[in-house]
Structure formats: C-alpha cells, structure tokens
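Quick notes on the structure that follows.
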Amino acid sequence: MRKELKEKIVNLVSKDFKEVLDLKEKIKVDLPKEEKHGDISTNIAFLLSKPLKKKPIEVANKIKDILEKDKDFEKVEVAGAGFINIFLSKDFYFEFLKKAVQENDEYGKEKEKNKGKINIEFVSANPTGPLHLGHGRGAVVGSTLSNLKDYAGYVVEREFYINDAGRQIYLLGKSVYARFRQIEEPDYPFPEDGYKGEYIKDIAKELYQYEREKIYSMLDEDEAIEFCAEYAKNYLLDEIKKDLKEFGVEFDIWFSEKSLYEHGKVDEAIEFLKKKGLVYEKEGALWLKTTVYGDDKDRVLIRSDGTYTYFAADIAYHYDKYKRGYDYIINVWGADHHGYFPRLKAAVMAFGVPEEWIRVIFIQMVKLFRNGKEVKMSKRSGEFITLRELINEVGKDAVRYMFLTKDSNTHLNFDIDLALKQSNENPVYYVQYAHARIMSVFKEAKQRFGFDVEEDFKADVSLLKEDIERQIMKEIAFLPDLIKETAEKEQPHKLTSITHNLASKFHNYYYHYKFLVEDENLMRARLFLLKAIRSALRTLFKLMGITPVERM
RNA sequence: GGGCCCGUAGCUCAGCUGGACAGAGCAACGGACUUCUAAUCCGUAGGUCGCAGGUUCGAAUCCUGCCGGGCCCA
C-alpha cells in the first residue's frame, strides 16, 4: 500500500515539479514512529531541494499545498528540516478494517500466486540422532519464511534433504550394532568415534527384541552393520518427522541423498557439466572448474579411488532442483557451512542460472546455557538438549516465538533454566493474552447482551474517535504491507516485533476503554475494531506457527 | 594467513537499501484491580550505538583502518 501512496504523491507533485520523476527511486514513504509525525511521511522535499536549488523546507511547504487538496489526505504538515507528514482520512482506513474482518487469519494474504515458484530447503538434519536446538532454530526460520513467501504470493515448496548415504550412516550402523552385541556381551567394543547417545541403546534394544535371530544369523559383520544402519536410519527419521510435525513444521518434499546414487543422478549431473567443458581429470581424480565462477580453487567430484565426493552428490541434488524449474531457491543452513557456499554457488552457476538463483540464509549457532555456564553440545558424545525435550518443557509456541525473536544472523544464547522455570515471563504469553482477552470480551458480549460477534453486524467506524483507536486502525491498515516487506527481505524475525507492537496497542486500549458500553452504536464500532484486531493477530500467529489461544 | 558473522541500556536483543530526541523485553524503582481475565496498564531511572578517520545538509546505519568475541578454511 505504501507503493500506491508513493505513486499518488509522486503523481500529484510531478504536475508542478517534473524533476521528481527522475528521483522516483530514492523517494521514500515511511511510517513514522511518533504519532505527531503523521500517518505517513516522505523525504521528497530533501531530494527535490538539490535540483530546484532551494532549501528543503521551502520545497516542503510548496508540496504541502499540493497534497492538501486530496481527499485521502486529511492533513499535511511540514516539520523538522523538511519532512512532510501526512495524516490519512478515516474512510481510508475503514476499508482495511472490513477486509480484516472478512479474511480472518489470512488477512491481506495474496490470493494470486503470481510471484513465481520457489523452493526452500531447511533443517535437513542427518538421520543419525534426534533434532537439537540448532535444528529447531532452522526449522522455525525455514517454516516461517515459507509461510511468509506463501503469504506474499509465491508458490512455495518446502524441502528436507536426507543425508542417508555415506560415512555418517555407516558409523550409525556400527554404533547400533555394538550396542546390540553388548546386550549379550558387555565387553563388546564400542567404536571410538561412534554415536554415544542413549537413543542408540534404545534402538539396539528394539532390534534385539524383534530382529535378534536375523542379525545373529548374518555371517558377515558388515552385512549386519548395514542392516542396523538401515533400521536405525528409518527409526530416527520417523522420530525427526514426528518432532517436526509437533513443532508445526511440514514439508512437501523429503529428498533422499541415496536415491541420487540409485537413479544415476550423480553421473547425469556430471555428464551435463562435462558437456559444458567444465570437468577435467587430474592426478587420477575428476575435477569441476568452480574457479570459473568465483570459487577459490577447483573441486574434486570423483576421487582417484573412484568414489564420489559429498560435493558431487550435492551438485546432483541441485541439478535436480534446477530441472524442476524454480524461479529461485533458498537454502537455510547452519553458519558453520558458510565456507561451502562459494563452491556450491559456482556449481549451480555452471548449470547456467544467474548468481541470484540460489540464496542461502545462515543460521548462527545456538549456545546453550545452564546454571550460567555454557553447555557444549556434541552429537557424538551424546551430550545435548533435544528439541523434543525443550518443547515438552516449554511448549511449542514459546519455543517457536523465542527462536523467532532474534535475527538468524546473530548468535543465540539460550538460557535453559530461564526457559524451563520462568516460562511465564516468555514474551509469547503477552501476544497470546491479547487474543485471549478479545475472545473473552466476545464471550461476555454474548452472555450479557446476546450479541454474537461471529455473525456479520453493522458498525459505524466513524464513532471511533480515540487516539488509540486511530493508531490501531492505522496499524491494521498497513499490516499486510509490512508483512510482505518482511517476506521480500527474508527476515522472519521481524514478525515478533510486529506482533508485540499490535498486542501492546490492544492491551493499552483494553485497559483504558470499555468495549461493552451502554451506547450500542459505540459498542458495535468497538467490537468491530476488536474483530479486526483479532484477524490481524491470527494472521500473524498463523505465519509464525503459534496457536491463538482462547483463554489463559 | 584468508573468509563469514557479531560488538547498541545491568542482561537478552530490535533498529542498519542514511533522516526527526537511539527502541523493546527482562531486571530496578514508584503507582493503577468493587469494572470486558492485573500473564495487563501508566510512570521513573538507565546508552561516548566497540574505537578512529572518511563520504553527506544529515551516519547506529555507507566506506576505510584498528580492537574484541564466535565460526569456517588453509
């Protein structure tokens, strides 16, 4: 909507000052923080002052006269060194309230999916253990970003890449097999670099219960290990899927690394690159010329012993994505993988797509603190807090919200004591309480007056004359705009402050004014506004994957 | 040695495609429940935006250098 307002302003001003047309790119329409600075403000006078060779404030006054004639602009003021502050009319806002009430938890969502088709890959945890907090953060950021893009009009496919091939899985099998054997032979050696977590023993016990004979009858130990690996992998993948579902995270595609080998996709991708003349042999290995596309050095695809590198599989994986025809793809990765990006980007560019086709959002580390001390997490040592444990203690909503409050680019210190003990202090309750309070008012309206808010009813919004009411209307009117901006900038963490802001305005309103008043027209108007607030909150909650609770 | 990220109030962090006195939550202090839920509201206090230069009418925001913390690669 800001875009529309900017167009309007530029058009009006250009009638007298055609110079604005050259400055269009730089002109901004902002939402000022302070109420007295108007509903919207623009820097247009600062920009025009140069070509017109006049002081910003002089230009601003001329523009004020122009804009004031329009009926959508109730009042125009010049402030500071040359800011132009515009107050919008109430009718202008009313349309948005109606829309909010109608659209409920999808207020402002783009119905036409014409922004293109994109793929967002996230979590992609190795199926060698339960999800930990780092995965949780990636899951929240990835799923919320997907929701945002979907809201903004993209067709979004959410994808999980399963690393079900290679050394890690073999090690998993070896670990489980050792635990299995230890049930009868406590001295059976456990692999030095094996997975030490308790869950490995659980899996071994299950195998012992159901598959004991089968495993013992295998003559070749490697065969038994492979069997254990396959079993453990499926077991853990199921756990991961369950955890994610409980965490409000769904995927459209579960892509198996192993399937790439099984269907010859790795060779296919290498063949494709070979035809482009980007592959060569050196020292018995096969290399890809990633340096052509900005990488530090060329990378090995097939080692001299004939085995594929992980990189080769990843290229095949992205070649597959490339062929699926996305407008662009986003990978959500742990920040420790950032060194890997240049080579993958180079490989992808070798397919013939522009650099912007692949984007990566790096999630910085989650550091866990307990009793004021950092808990070092290591999957191998088995010492870590799982995502499931945290969800069980704190609740899905609180965890999602907490992970979302921080920019994924910054390190996140997670104080486990605080999260577990003082869950009441969690900011998520603040926003949920706002929703619960609205529901409570609606219930009371029905009990006291038999007034069913859920049915359509007439309301005269012009009766809403309080300052806070105006602020809320404005907030609601600009919300879809704000959400879409957040989607474009790919900064899901901003949703929490947007939500907090709206909730804060509501709580303020609630405390200072009564909704169920004697004047029925005023009551209707206020309930209508409340219904619009509820829609706005629900819309935000849905994007963040948080439950709109009815009572607290 | 090279690269990426971070350095804003006591703590955890927003703000950073330059703009109006730098914001929030928690913690601290003082007030507000006979009312639609006080998990709320109102107020007070707290900051050389790591340091130093530069660009600009204007820099927490852009550029350069340095310092400190984390991660990756060699």
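Ordered as shown in the structure tokens, chains take letters A, B, and onward, while each chain numbers its residues from 1 and ligands are numbered from 1 in the order shown.
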Compile a residue-level contact table for chain B against stretch 340-343 of chain A at a cut-off of 12 Å, reporting for every qualifying residue the shortest atom pair and its distance in Å to one decimal, with only C-alpha atoms (C1' of nucleotides) counted, rows ordered by chain and ascending number, as a tab-separated table.
```
residue	atom	partner	partner_atom	distance
B:G3	C1'	A:Pro342	CA	10.6
B:C4	C1'	A:Phe341	CA	10.4
B:C72	C1'	A:Tyr340	CA	8.6
B:C73	C1'	A:Tyr340	CA	9.3
```
Proximity check chain A to chain B, 6 Å, nearest pairs one decimal Å, only C-alpha atoms (C1' of nucleotides), as CSV:
```
residue,atom,partner,partner_atom,distance
A:Gly80,CA,B:A20,C1',6.0
A:Asp336,CA,B:C71,C1',5.8
A:Gly339,CA,B:C72,C1',5.5
A:Val441,CA,B:C36,C1',4.8
A:Tyr511,CA,B:C41,C1',5.8
```
Serialized selection, N, CA, C and O atoms, as a compact mmCIF listing (two decimals), in the first residue's frame:
```txt
# COMPACT_ATOMS: atom_id res chain seq x y z
N GLY A 80 10.51 19.64 11.05
CA GLY A 80 11.95 19.46 11.05
C GLY A 80 12.60 20.24 9.92
O GLY A 80 12.18 21.34 9.59
N ASP A 336 28.02 -22.70 10.19
CA ASP A 336 29.32 -23.38 10.04
C ASP A 336 29.52 -23.91 8.63
O ASP A 336 30.61 -24.34 8.27
N GLY A 339 31.46 -21.67 4.50
CA GLY A 339 32.61 -21.84 3.63
C GLY A 339 32.30 -22.72 2.42
O GLY A 339 33.03 -22.72 1.44
N VAL A 441 -13.89 -10.97 25.75
CA VAL A 441 -14.84 -9.87 25.56
C VAL A 441 -16.01 -10.35 24.71
O VAL A 441 -17.18 -10.08 25.01
N TYR A 511 -7.14 -1.55 28.56
CA TYR A 511 -7.03 -1.02 29.92
C TYR A 511 -7.75 0.32 30.07
O TYR A 511 -8.39 0.58 31.07
```
Point to revise | Contacts of A:Thr547 at 10 Å (only C-alpha atoms (C1' of nucleotides); same-chain gap of 4+ positions) as a PyMOL selection string | key: chain A and resi 248+396-397+432+435+538+541-542
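When the distance limit is 12 Å and only C-alpha atoms (C1' of nucleotides) are what count, the residues near B:C29, minus those fewer than 4 positions from it on the same chain, are G43, U44, A45 and G46 of chain B.
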**Study point:** Pairwise distance for atom C1' of B:C67 and atom C1' of B:G53, rounded to one decimal in Å
**Key:**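 Distance reported for this atom pair: 14.7 Å.
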